[in-house]
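Text of the file run-v9.txt, holding compact mmCIF, N, CA and C atoms:
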# COMPACT_ATOMS: atom_id res chain seq x y z
N MET A 169 83.10 -104.50 3.68
CA MET A 169 83.44 -103.10 3.80
C MET A 169 84.89 -102.91 3.35
N TYR A 170 85.10 -101.86 2.60
CA TYR A 170 86.43 -101.51 2.10
C TYR A 170 86.91 -100.27 2.85
N VAL A 171 88.19 -100.24 3.20
CA VAL A 171 88.75 -99.15 3.99
C VAL A 171 90.09 -98.74 3.39
N ASP A 172 90.30 -97.42 3.34
CA ASP A 172 91.59 -96.90 2.90
C ASP A 172 91.82 -95.57 3.62
N TYR A 173 93.04 -95.08 3.54
CA TYR A 173 93.41 -93.83 4.19
C TYR A 173 93.98 -92.88 3.15
N TYR A 174 93.73 -91.61 3.37
CA TYR A 174 94.16 -90.58 2.43
C TYR A 174 94.89 -89.50 3.22
N SER A 175 96.09 -89.18 2.81
CA SER A 175 96.87 -88.13 3.47
C SER A 175 96.59 -86.81 2.76
N SER A 176 95.81 -85.95 3.43
CA SER A 176 95.42 -84.67 2.84
C SER A 176 96.25 -83.54 3.43
N PRO A 177 96.15 -82.34 2.87
CA PRO A 177 96.86 -81.19 3.44
C PRO A 177 96.38 -80.81 4.84
N ILE A 178 95.23 -81.33 5.25
CA ILE A 178 94.72 -80.98 6.58
C ILE A 178 94.62 -82.20 7.50
N GLY A 179 95.28 -83.27 7.14
CA GLY A 179 95.31 -84.44 8.00
C GLY A 179 94.91 -85.72 7.29
N ILE A 180 94.94 -86.77 8.04
CA ILE A 180 94.64 -88.10 7.50
C ILE A 180 93.12 -88.31 7.48
N LEU A 181 92.65 -88.79 6.36
CA LEU A 181 91.23 -89.09 6.18
C LEU A 181 91.05 -90.60 6.05
N LYS A 182 90.08 -91.13 6.76
CA LYS A 182 89.73 -92.54 6.64
C LYS A 182 88.51 -92.63 5.73
N LEU A 183 88.62 -93.41 4.70
CA LEU A 183 87.54 -93.61 3.74
C LEU A 183 87.01 -95.03 3.87
N GLN A 184 85.68 -95.17 3.84
CA GLN A 184 85.06 -96.48 3.87
C GLN A 184 84.02 -96.55 2.76
N ALA A 185 83.89 -97.73 2.19
CA ALA A 185 82.94 -97.93 1.10
C ALA A 185 82.41 -99.34 1.10
N THR A 186 81.25 -99.49 0.49
CA THR A 186 80.74 -100.81 0.16
C THR A 186 81.22 -101.09 -1.27
N GLU A 187 80.73 -102.12 -1.84
CA GLU A 187 81.10 -102.43 -3.23
C GLU A 187 80.70 -101.30 -4.19
N HIS A 188 79.60 -100.59 -3.86
CA HIS A 188 79.05 -99.62 -4.80
C HIS A 188 78.97 -98.18 -4.32
N TYR A 189 79.17 -97.95 -3.00
CA TYR A 189 78.96 -96.60 -2.45
C TYR A 189 80.03 -96.21 -1.44
N LEU A 190 80.37 -94.92 -1.42
CA LEU A 190 81.18 -94.36 -0.36
C LEU A 190 80.26 -94.14 0.83
N THR A 191 80.65 -94.63 2.00
CA THR A 191 79.79 -94.52 3.18
C THR A 191 80.37 -93.61 4.27
N HIS A 192 81.69 -93.45 4.30
CA HIS A 192 82.33 -92.63 5.34
C HIS A 192 83.57 -91.94 4.80
N LEU A 193 83.78 -90.74 5.27
CA LEU A 193 85.05 -90.03 5.08
C LEU A 193 85.20 -89.19 6.36
N GLU A 194 86.17 -89.58 7.18
CA GLU A 194 86.31 -88.91 8.47
C GLU A 194 87.78 -88.59 8.75
N PHE A 195 87.98 -87.56 9.56
CA PHE A 195 89.31 -87.20 10.00
C PHE A 195 89.74 -88.17 11.10
N VAL A 196 90.98 -88.66 11.01
CA VAL A 196 91.53 -89.54 12.04
C VAL A 196 92.91 -89.03 12.41
N ASP A 197 93.37 -89.43 13.60
CA ASP A 197 94.67 -88.98 14.08
C ASP A 197 95.84 -89.73 13.44
N ALA A 198 95.60 -90.99 13.07
CA ALA A 198 96.67 -91.80 12.50
C ALA A 198 96.09 -92.78 11.50
N GLN A 199 96.92 -93.19 10.58
CA GLN A 199 96.50 -94.17 9.59
C GLN A 199 96.42 -95.54 10.25
N GLY A 200 95.38 -96.28 9.96
CA GLY A 200 95.24 -97.63 10.48
C GLY A 200 96.18 -98.59 9.79
N SER A 201 96.27 -99.78 10.32
CA SER A 201 97.24 -100.74 9.81
C SER A 201 96.79 -101.46 8.55
N GLY A 202 95.51 -101.68 8.39
CA GLY A 202 95.07 -102.45 7.24
C GLY A 202 94.23 -101.63 6.28
N THR A 203 94.42 -101.88 5.00
CA THR A 203 93.57 -101.26 3.99
C THR A 203 93.02 -102.35 3.09
N ASN A 204 91.87 -102.09 2.56
CA ASN A 204 91.19 -102.99 1.64
C ASN A 204 90.44 -102.09 0.68
N THR A 205 91.01 -101.82 -0.46
CA THR A 205 90.46 -100.80 -1.35
C THR A 205 89.64 -101.41 -2.48
N ASN A 206 88.89 -100.56 -3.14
CA ASN A 206 88.11 -100.96 -4.31
C ASN A 206 88.00 -99.77 -5.26
N MET A 207 87.23 -99.92 -6.33
CA MET A 207 87.13 -98.86 -7.34
C MET A 207 86.50 -97.59 -6.79
N ILE A 208 85.55 -97.71 -5.86
CA ILE A 208 84.92 -96.52 -5.27
C ILE A 208 85.97 -95.72 -4.50
N LEU A 209 86.78 -96.39 -3.71
CA LEU A 209 87.81 -95.69 -2.94
C LEU A 209 88.90 -95.13 -3.85
N ASP A 210 89.23 -95.85 -4.91
CA ASP A 210 90.20 -95.32 -5.89
C ASP A 210 89.68 -94.02 -6.50
N LYS A 211 88.41 -94.02 -6.88
CA LYS A 211 87.80 -92.82 -7.47
C LYS A 211 87.75 -91.69 -6.45
N ALA A 212 87.45 -92.01 -5.19
CA ALA A 212 87.40 -90.99 -4.14
C ALA A 212 88.78 -90.36 -3.94
N ARG A 213 89.83 -91.17 -3.91
CA ARG A 213 91.20 -90.63 -3.75
C ARG A 213 91.56 -89.72 -4.93
N THR A 214 91.22 -90.13 -6.13
CA THR A 214 91.50 -89.31 -7.31
C THR A 214 90.78 -87.97 -7.23
N GLN A 215 89.51 -88.00 -6.86
CA GLN A 215 88.74 -86.76 -6.78
C GLN A 215 89.21 -85.88 -5.62
N LEU A 216 89.64 -86.48 -4.52
CA LEU A 216 90.21 -85.69 -3.42
C LEU A 216 91.51 -85.03 -3.85
N ASP A 217 92.35 -85.76 -4.59
CA ASP A 217 93.58 -85.16 -5.14
C ASP A 217 93.22 -83.92 -5.96
N GLU A 218 92.26 -84.06 -6.85
CA GLU A 218 91.86 -82.94 -7.72
C GLU A 218 91.29 -81.78 -6.90
N TYR A 219 90.50 -82.09 -5.88
CA TYR A 219 89.92 -81.06 -5.02
C TYR A 219 91.03 -80.28 -4.32
N PHE A 220 91.95 -80.99 -3.70
CA PHE A 220 93.00 -80.30 -2.95
C PHE A 220 93.98 -79.55 -3.86
N LEU A 221 94.06 -79.94 -5.12
CA LEU A 221 94.88 -79.20 -6.09
C LEU A 221 94.12 -78.01 -6.68
N GLY A 222 92.85 -77.87 -6.32
CA GLY A 222 92.03 -76.77 -6.83
C GLY A 222 91.47 -77.03 -8.22
N LYS A 223 91.53 -78.27 -8.67
CA LYS A 223 91.06 -78.61 -10.02
C LYS A 223 89.65 -79.19 -10.03
N ARG A 224 89.08 -79.46 -8.87
CA ARG A 224 87.75 -80.05 -8.79
C ARG A 224 86.91 -79.23 -7.82
N HIS A 225 85.70 -78.86 -8.26
CA HIS A 225 84.78 -78.12 -7.41
C HIS A 225 83.59 -78.96 -6.99
N ASN A 226 83.31 -80.03 -7.73
CA ASN A 226 82.18 -80.90 -7.44
C ASN A 226 82.64 -82.35 -7.44
N PHE A 227 82.19 -83.09 -6.46
CA PHE A 227 82.51 -84.51 -6.40
C PHE A 227 81.44 -85.29 -7.14
N ASP A 228 81.87 -86.37 -7.76
CA ASP A 228 80.97 -87.22 -8.52
C ASP A 228 81.18 -88.66 -8.04
N LEU A 229 80.64 -88.94 -6.87
CA LEU A 229 80.80 -90.26 -6.27
C LEU A 229 79.44 -90.78 -5.82
N PRO A 230 79.22 -92.07 -5.91
CA PRO A 230 77.99 -92.64 -5.37
C PRO A 230 78.09 -92.68 -3.84
N LEU A 231 77.16 -92.01 -3.17
CA LEU A 231 77.21 -91.89 -1.72
C LEU A 231 76.08 -92.65 -1.06
N ALA A 232 76.36 -93.21 0.12
CA ALA A 232 75.33 -93.89 0.91
C ALA A 232 75.61 -93.64 2.39
N PRO A 233 75.39 -92.40 2.84
CA PRO A 233 75.59 -92.13 4.26
C PRO A 233 74.47 -92.77 5.08
N GLU A 234 74.83 -93.31 6.23
CA GLU A 234 73.83 -93.92 7.09
C GLU A 234 73.36 -92.91 8.12
N GLY A 235 72.05 -92.78 8.27
CA GLY A 235 71.48 -91.86 9.23
C GLY A 235 69.97 -91.91 9.17
N THR A 236 69.35 -91.06 9.97
CA THR A 236 67.89 -90.97 9.96
C THR A 236 67.44 -90.30 8.67
N GLU A 237 66.17 -90.37 8.39
CA GLU A 237 65.63 -89.71 7.20
C GLU A 237 65.86 -88.20 7.28
N PHE A 238 65.69 -87.63 8.47
CA PHE A 238 65.93 -86.19 8.64
C PHE A 238 67.39 -85.85 8.36
N GLN A 239 68.31 -86.62 8.91
CA GLN A 239 69.73 -86.38 8.66
C GLN A 239 70.05 -86.47 7.17
N LYS A 240 69.51 -87.47 6.51
CA LYS A 240 69.75 -87.62 5.07
C LYS A 240 69.19 -86.43 4.30
N GLN A 241 68.06 -85.90 4.74
CA GLN A 241 67.48 -84.72 4.10
C GLN A 241 68.42 -83.51 4.27
N VAL A 242 68.98 -83.35 5.45
CA VAL A 242 69.94 -82.26 5.70
C VAL A 242 71.19 -82.47 4.86
N TRP A 243 71.72 -83.67 4.85
CA TRP A 243 72.95 -83.92 4.08
C TRP A 243 72.72 -83.70 2.59
N GLN A 244 71.55 -84.03 2.10
CA GLN A 244 71.22 -83.75 0.69
C GLN A 244 71.22 -82.25 0.44
N ALA A 245 70.68 -81.49 1.39
CA ALA A 245 70.66 -80.03 1.26
C ALA A 245 72.09 -79.47 1.27
N LEU A 246 72.98 -80.07 2.03
CA LEU A 246 74.37 -79.61 2.06
C LEU A 246 75.02 -79.76 0.68
N LEU A 247 74.64 -80.80 -0.03
CA LEU A 247 75.20 -81.02 -1.37
C LEU A 247 74.82 -79.90 -2.34
N ASN A 248 73.81 -79.12 -2.00
CA ASN A 248 73.38 -78.01 -2.86
C ASN A 248 74.14 -76.72 -2.58
N ILE A 249 75.00 -76.70 -1.56
CA ILE A 249 75.82 -75.52 -1.29
C ILE A 249 77.04 -75.63 -2.20
N THR A 250 77.09 -74.78 -3.18
CA THR A 250 78.13 -74.90 -4.19
C THR A 250 79.50 -74.45 -3.69
N HIS A 251 80.51 -74.97 -4.33
CA HIS A 251 81.90 -74.65 -4.03
C HIS A 251 82.08 -73.14 -4.00
N GLY A 252 82.75 -72.63 -2.97
CA GLY A 252 83.00 -71.21 -2.85
C GLY A 252 81.88 -70.44 -2.18
N ASN A 253 80.82 -71.13 -1.77
CA ASN A 253 79.69 -70.47 -1.11
C ASN A 253 79.46 -71.08 0.26
N THR A 254 78.70 -70.39 1.08
CA THR A 254 78.33 -70.88 2.40
C THR A 254 76.83 -70.69 2.60
N ALA A 255 76.32 -71.34 3.61
CA ALA A 255 74.91 -71.20 4.00
C ALA A 255 74.86 -71.29 5.52
N SER A 256 73.84 -70.70 6.11
CA SER A 256 73.66 -70.79 7.55
C SER A 256 72.76 -71.98 7.88
N TYR A 257 72.74 -72.34 9.16
CA TYR A 257 71.81 -73.38 9.59
C TYR A 257 70.38 -72.96 9.28
N LYS A 258 70.11 -71.68 9.45
CA LYS A 258 68.77 -71.15 9.15
C LYS A 258 68.44 -71.31 7.67
N ASP A 259 69.43 -71.06 6.79
CA ASP A 259 69.23 -71.24 5.35
C ASP A 259 68.87 -72.69 5.04
N ILE A 260 69.60 -73.61 5.65
CA ILE A 260 69.35 -75.04 5.41
C ILE A 260 67.96 -75.40 5.91
N ALA A 261 67.60 -74.91 7.10
CA ALA A 261 66.27 -75.19 7.66
C ALA A 261 65.18 -74.70 6.71
N SER A 262 65.36 -73.52 6.18
CA SER A 262 64.39 -72.97 5.24
C SER A 262 64.33 -73.79 3.96
N ASN A 263 65.49 -74.21 3.47
CA ASN A 263 65.56 -74.98 2.22
C ASN A 263 64.86 -76.32 2.31
N ILE A 264 64.84 -76.91 3.50
CA ILE A 264 64.17 -78.22 3.63
C ILE A 264 62.77 -78.08 4.22
N GLY A 265 62.30 -76.83 4.38
CA GLY A 265 60.94 -76.61 4.85
C GLY A 265 60.75 -76.84 6.33
N LYS A 266 61.82 -76.69 7.10
CA LYS A 266 61.74 -76.88 8.56
C LYS A 266 62.36 -75.65 9.23
N GLU A 267 61.71 -74.51 9.07
CA GLU A 267 62.25 -73.21 9.47
C GLU A 267 62.66 -73.12 10.93
N LYS A 268 62.03 -73.89 11.79
CA LYS A 268 62.33 -73.81 13.22
C LYS A 268 63.31 -74.90 13.68
N ALA A 269 63.97 -75.57 12.74
CA ALA A 269 64.81 -76.72 13.07
C ALA A 269 66.30 -76.43 13.00
N SER A 270 66.70 -75.18 13.18
CA SER A 270 68.12 -74.83 13.05
C SER A 270 69.01 -75.67 13.97
N ARG A 271 68.58 -75.88 15.20
CA ARG A 271 69.39 -76.68 16.14
C ARG A 271 69.50 -78.13 15.67
N ALA A 272 68.40 -78.69 15.21
CA ALA A 272 68.42 -80.06 14.69
C ALA A 272 69.28 -80.14 13.44
N ILE A 273 69.27 -79.09 12.63
CA ILE A 273 70.12 -79.03 11.43
C ILE A 273 71.58 -79.09 11.87
N GLY A 274 71.92 -78.33 12.92
CA GLY A 274 73.28 -78.34 13.45
C GLY A 274 73.69 -79.72 13.92
N ASN A 275 72.79 -80.42 14.59
CA ASN A 275 73.09 -81.77 15.06
C ASN A 275 73.29 -82.74 13.89
N ALA A 276 72.45 -82.63 12.87
CA ALA A 276 72.61 -83.49 11.70
C ALA A 276 73.91 -83.17 10.97
N ASN A 277 74.22 -81.88 10.87
CA ASN A 277 75.46 -81.45 10.23
C ASN A 277 76.66 -82.05 10.95
N ASN A 278 76.60 -82.05 12.28
CA ASN A 278 77.70 -82.58 13.09
C ASN A 278 77.86 -84.09 12.92
N ARG A 279 76.80 -84.77 12.51
CA ARG A 279 76.86 -86.23 12.36
C ARG A 279 77.10 -86.67 10.90
N ASN A 280 77.40 -85.73 10.05
CA ASN A 280 77.69 -86.04 8.65
C ASN A 280 78.82 -87.06 8.57
N PRO A 281 78.57 -88.25 8.02
CA PRO A 281 79.62 -89.27 7.98
C PRO A 281 80.57 -89.16 6.78
N ILE A 282 80.30 -88.22 5.86
CA ILE A 282 81.14 -88.12 4.66
C ILE A 282 81.61 -86.67 4.54
N ALA A 283 82.54 -86.30 5.43
CA ALA A 283 83.07 -84.93 5.46
C ALA A 283 83.65 -84.55 4.11
N ILE A 284 83.75 -83.27 3.89
CA ILE A 284 84.31 -82.64 2.68
C ILE A 284 83.42 -82.89 1.46
N ILE A 285 83.15 -84.14 1.15
CA ILE A 285 82.35 -84.47 -0.04
C ILE A 285 80.90 -84.04 0.17
N ILE A 286 80.33 -84.33 1.33
CA ILE A 286 79.07 -83.70 1.74
C ILE A 286 79.54 -82.50 2.55
N PRO A 287 79.49 -81.30 1.97
CA PRO A 287 80.26 -80.15 2.47
C PRO A 287 79.69 -79.46 3.71
N CYS A 288 79.72 -80.16 4.83
CA CYS A 288 79.24 -79.57 6.08
C CYS A 288 80.13 -78.40 6.52
N HIS A 289 81.35 -78.33 6.00
CA HIS A 289 82.24 -77.21 6.34
C HIS A 289 81.73 -75.89 5.77
N ARG A 290 80.81 -75.94 4.82
CA ARG A 290 80.27 -74.72 4.20
C ARG A 290 79.11 -74.11 4.99
N VAL A 291 78.77 -74.71 6.13
CA VAL A 291 77.69 -74.18 6.95
C VAL A 291 78.29 -73.29 8.03
N ILE A 292 77.78 -72.07 8.09
CA ILE A 292 78.27 -71.07 9.04
C ILE A 292 77.11 -70.55 9.89
N GLY A 293 77.43 -69.76 10.90
CA GLY A 293 76.39 -69.16 11.73
C GLY A 293 75.62 -68.11 10.96
N HIS A 294 74.43 -67.76 11.44
CA HIS A 294 73.60 -66.77 10.75
C HIS A 294 74.27 -65.40 10.69
N ASP A 295 75.23 -65.17 11.59
CA ASP A 295 75.95 -63.89 11.61
C ASP A 295 77.20 -63.91 10.73
N GLY A 296 77.39 -65.00 9.98
CA GLY A 296 78.52 -65.11 9.07
C GLY A 296 79.78 -65.65 9.72
N LYS A 297 79.73 -65.97 11.00
CA LYS A 297 80.91 -66.48 11.71
C LYS A 297 80.99 -67.99 11.60
N MET A 298 82.23 -68.48 11.70
CA MET A 298 82.42 -69.92 11.70
C MET A 298 81.91 -70.49 13.00
N VAL A 299 81.23 -71.59 12.90
CA VAL A 299 80.74 -72.31 14.06
C VAL A 299 81.25 -73.74 13.96
N GLY A 300 81.03 -74.53 14.99
CA GLY A 300 81.57 -75.87 15.12
C GLY A 300 81.76 -76.68 13.86
N TYR A 301 82.76 -77.54 13.92
CA TYR A 301 83.06 -78.46 12.83
C TYR A 301 83.68 -79.69 13.47
N ALA A 302 83.17 -80.85 13.14
CA ALA A 302 83.64 -82.09 13.76
C ALA A 302 85.14 -82.29 13.57
N GLY A 303 85.69 -81.82 12.46
CA GLY A 303 87.13 -81.94 12.22
C GLY A 303 87.94 -80.88 12.92
N GLY A 304 87.27 -79.90 13.53
CA GLY A 304 87.96 -78.79 14.20
C GLY A 304 87.85 -77.53 13.36
N LEU A 305 87.74 -76.40 14.04
CA LEU A 305 87.57 -75.13 13.32
C LEU A 305 88.77 -74.79 12.44
N ASN A 306 89.97 -75.23 12.83
CA ASN A 306 91.14 -74.96 12.00
C ASN A 306 91.01 -75.63 10.63
N LYS A 307 90.47 -76.84 10.60
CA LYS A 307 90.26 -77.54 9.33
C LYS A 307 89.14 -76.87 8.52
N LYS A 308 88.08 -76.47 9.21
CA LYS A 308 86.98 -75.78 8.55
C LYS A 308 87.49 -74.49 7.90
N LYS A 309 88.26 -73.72 8.65
CA LYS A 309 88.82 -72.48 8.13
C LYS A 309 89.68 -72.76 6.90
N TRP A 310 90.52 -73.77 6.97
CA TRP A 310 91.38 -74.12 5.84
C TRP A 310 90.54 -74.45 4.61
N LEU A 311 89.51 -75.29 4.80
CA LEU A 311 88.66 -75.69 3.67
C LEU A 311 87.94 -74.50 3.06
N LEU A 312 87.41 -73.60 3.89
CA LEU A 312 86.72 -72.43 3.37
C LEU A 312 87.68 -71.50 2.65
N GLU A 313 88.86 -71.32 3.19
CA GLU A 313 89.86 -70.49 2.49
C GLU A 313 90.28 -71.12 1.19
N HIS A 314 90.44 -72.44 1.21
CA HIS A 314 90.78 -73.19 -0.02
C HIS A 314 89.73 -72.96 -1.10
N GLU A 315 88.49 -72.88 -0.68
CA GLU A 315 87.39 -72.66 -1.62
C GLU A 315 87.08 -71.17 -1.81
N ASN A 316 87.87 -70.31 -1.19
CA ASN A 316 87.69 -68.85 -1.27
C ASN A 316 86.34 -68.41 -0.74
N SER A 317 85.88 -69.02 0.32
CA SER A 317 84.55 -68.69 0.87
C SER A 317 84.59 -67.66 1.98
N LEU A 318 85.71 -67.50 2.64
CA LEU A 318 85.74 -66.56 3.77
C LEU A 318 85.86 -65.13 3.30
Translate this structure into structure tokens?
Amino acid sequence: MYVDYYSSPIGILKLQATEHYLTHLEFVDAQGSGTNTNMILDKARTQLDEYFLGKRHNFDLPLAPEGTEFQKQVWQALLNITHGNTASYKDIASNIGKEKASRAIGNANNRNPIAIIIPCHRVIGHDGKMVGYAGGLNKKKWLLEHENSL
């Protein structure tokens, strides 16, 4: 496993990868002591730089999030929410053919192991209001404003 840290405008991000795939991107309170980087993490840092500078709207990284098949289905649907747009839990449920699974969609969204790149911050309540975000609503608000979604 390869690990590195990225200092973003909204806090420190911990990135983890295998030899071939990005597996985690999470908000952390402090940078860890050891890093062990590889080409996947180098590419992730470059694309995050471009994203935060407003020069990148889509990430192009090989991803391998670990989760249940249902969670992976939800995370794949999140990848279809384009930069600058939002979707509700109900929209995601409809898109994956599980119209009554909004609560389960919310739980899967909350367990997204690759924040920002799998854009769980783009999911809002059916009434258009911001709802929970594992990184905190202040970070979600910042990301949506950065993408001009609010």
Inset, instruction - Tell me which protein, DNA and RNA residues are within 5 Å of stretch 198-214 of chain A, counting all atoms listed in the file, leaving out same-chain ones fewer than 6 positions away, and put them as a list in words. - result: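 Here the answer would be Tyr170, Val171 and Asp172 of chain A.
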Inset, instruction - Have a look at atom CA of A:His314 and atom CA of A:Ser175 and let me know their distance in Å, one decimal. - result: 16.5 Å
With a cut-off of 7 Å, could you pull out the residues of stretch 173-268 of chain A touching stretch 273-289 of chain A and give me the nearest pair of atoms for each, distance in Å to one decimal, using only N, CA and C atoms, ordered by chain and ascending number, as JSON lines?
{"residue": "A:Thr191", "atom": "C", "partner": "A:Pro281", "partner_atom": "C", "distance": 5.1}
{"residue": "A:His192", "atom": "CA", "partner": "A:Pro281", "partner_atom": "C", "distance": 4.1}
{"residue": "A:Leu193", "atom": "N", "partner": "A:Ile282", "partner_atom": "CA", "distance": 3.8}
{"residue": "A:Glu194", "atom": "N", "partner": "A:Ala283", "partner_atom": "N", "distance": 5.2}
{"residue": "A:Phe195", "atom": "N", "partner": "A:Ala283", "partner_atom": "CA", "distance": 6.9}
{"residue": "A:Phe227", "atom": "CA", "partner": "A:Ile285", "partner_atom": "CA", "distance": 6.4}
{"residue": "A:Pro233", "atom": "CA", "partner": "A:Pro281", "partner_atom": "N", "distance": 6.2}
{"residue": "A:Glu234", "atom": "N", "partner": "A:Pro281", "partner_atom": "CA", "distance": 6.5}
{"residue": "A:Phe238", "atom": "C", "partner": "A:Ala276", "partner_atom": "CA", "distance": 6.6}
{"residue": "A:Gln239", "atom": "CA", "partner": "A:Ala276", "partner_atom": "CA", "distance": 5.1}
{"residue": "A:Val242", "atom": "CA", "partner": "A:Ile273", "partner_atom": "CA", "distance": 6.6}
{"residue": "A:Trp243", "atom": "C", "partner": "A:Ile286", "partner_atom": "CA", "distance": 6.4}
{"residue": "A:Leu246", "atom": "C", "partner": "A:Pro287", "partner_atom": "N", "distance": 4.9}
{"residue": "A:Leu247", "atom": "N", "partner": "A:Pro287", "partner_atom": "N", "distance": 5.3}
{"residue": "A:Thr254", "atom": "CA", "partner": "A:His289", "partner_atom": "C", "distance": 6.9}
{"residue": "A:Tyr257", "atom": "CA", "partner": "A:Gly274", "partner_atom": "N", "distance": 6.0}
{"residue": "A:Ile260", "atom": "C", "partner": "A:Ile273", "partner_atom": "CA", "distance": 7.0}
{"residue": "A:Ala261", "atom": "N", "partner": "A:Ile273", "partner_atom": "CA", "distance": 6.5}
Inset, instruction - Have a look at atom C of A:Arg290 and atom C of A:Val196 and let me know their distance in Å, one decimal. - result: 21.6 Å
Legend entry - Which residue of A:Arg224, A:Glu315, A:Trp310, A:Ala232 approaches A:Ile178 most closely, using all atoms listed in the file: A:Trp310
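Comparing A:Leu231, A:Leu183, A:Ala255, A:Ala272 by their smallest distance to A:Gly296, the closest is A:Ala255 (using only C-alpha atoms).
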Legend entry - stretch 172-308 of chain A: residues DSSP assigns to strand (DSSP E), reported as a VMD selection string: chain A and resid 172 to 176 179 to 185 190 to 196 255 to 256 291 to 292
Quick one: write out the picked residues with N, CA and C atoms as a compact mmCIF listing (two decimals), keeping the file's coordinate frame?
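This went into result.txt:
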# COMPACT_ATOMS: atom_id res chain seq x y z
N ASP A 172 90.30 -97.42 3.34
CA ASP A 172 91.59 -96.90 2.90
C ASP A 172 91.82 -95.57 3.62
N TYR A 173 93.04 -95.08 3.54
CA TYR A 173 93.41 -93.83 4.19
C TYR A 173 93.98 -92.88 3.15
N TYR A 174 93.73 -91.61 3.37
CA TYR A 174 94.16 -90.58 2.43
C TYR A 174 94.89 -89.50 3.22
N SER A 175 96.09 -89.18 2.81
CA SER A 175 96.87 -88.13 3.47
C SER A 175 96.59 -86.81 2.76
N SER A 176 95.81 -85.95 3.43
CA SER A 176 95.42 -84.67 2.84
C SER A 176 96.25 -83.54 3.43
N GLY A 179 95.28 -83.27 7.14
CA GLY A 179 95.31 -84.44 8.00
C GLY A 179 94.91 -85.72 7.29
N ILE A 180 94.94 -86.77 8.04
CA ILE A 180 94.64 -88.10 7.50
C ILE A 180 93.12 -88.31 7.48
N LEU A 181 92.65 -88.79 6.36
CA LEU A 181 91.23 -89.09 6.18
C LEU A 181 91.05 -90.60 6.05
N LYS A 182 90.08 -91.13 6.76
CA LYS A 182 89.73 -92.54 6.64
C LYS A 182 88.51 -92.63 5.73
N LEU A 183 88.62 -93.41 4.70
CA LEU A 183 87.54 -93.61 3.74
C LEU A 183 87.01 -95.03 3.87
N GLN A 184 85.68 -95.17 3.84
CA GLN A 184 85.06 -96.48 3.87
C GLN A 184 84.02 -96.55 2.76
N ALA A 185 83.89 -97.73 2.19
CA ALA A 185 82.94 -97.93 1.10
C ALA A 185 82.41 -99.34 1.10
N LEU A 190 80.37 -94.92 -1.42
CA LEU A 190 81.18 -94.36 -0.36
C LEU A 190 80.26 -94.14 0.83
N THR A 191 80.65 -94.63 2.00
CA THR A 191 79.79 -94.52 3.18
C THR A 191 80.37 -93.61 4.27
N HIS A 192 81.69 -93.45 4.30
CA HIS A 192 82.33 -92.63 5.34
C HIS A 192 83.57 -91.94 4.80
N LEU A 193 83.78 -90.74 5.27
CA LEU A 193 85.05 -90.03 5.08
C LEU A 193 85.20 -89.19 6.36
N GLU A 194 86.17 -89.58 7.18
CA GLU A 194 86.31 -88.91 8.47
C GLU A 194 87.78 -88.59 8.75
N PHE A 195 87.98 -87.56 9.56
CA PHE A 195 89.31 -87.20 10.00
C PHE A 195 89.74 -88.17 11.10
N VAL A 196 90.98 -88.66 11.01
CA VAL A 196 91.53 -89.54 12.04
C VAL A 196 92.91 -89.03 12.41
N ALA A 255 76.32 -71.34 3.61
CA ALA A 255 74.91 -71.20 4.00
C ALA A 255 74.86 -71.29 5.52
N SER A 256 73.84 -70.70 6.11
CA SER A 256 73.66 -70.79 7.55
C SER A 256 72.76 -71.98 7.88
N VAL A 291 78.77 -74.71 6.13
CA VAL A 291 77.69 -74.18 6.95
C VAL A 291 78.29 -73.29 8.03
N ILE A 292 77.78 -72.07 8.09
CA ILE A 292 78.27 -71.07 9.04
C ILE A 292 77.11 -70.55 9.89
Put the listed atoms of stretch 278-297 of chain A in a box along x, y and z with 5 Å added on every side and give me the centre and edge lengths in Å to one decimal, as lines of an AutoDock Vina configuration file.
center_x = 79.0
center_y = -76.6
center_z = 6.5
size_x = 20.7
size_y = 35.4
size_z = 23.1
Legend entry - Residue with smallest distance to A:His294 - pool A:Arg271, A:Lys266, A:Lys308, A:Lys258, counting all atoms listed in the file: A:Lys258
Inset, instruction - Using DSSP on the backbone, list every residue of stretch 189-293 of chain A that comes out as alpha helix (DSSP H), and give them as a PyMOL selection string. - result: chain A and resi 207-220+237-246+257-263+270-278
Inset, instruction - Mind giving me the straight-line distance from atom N of A:Asp197 to atom CA of A:Leu216 in Å, one decimal? - result: 17.7 Å
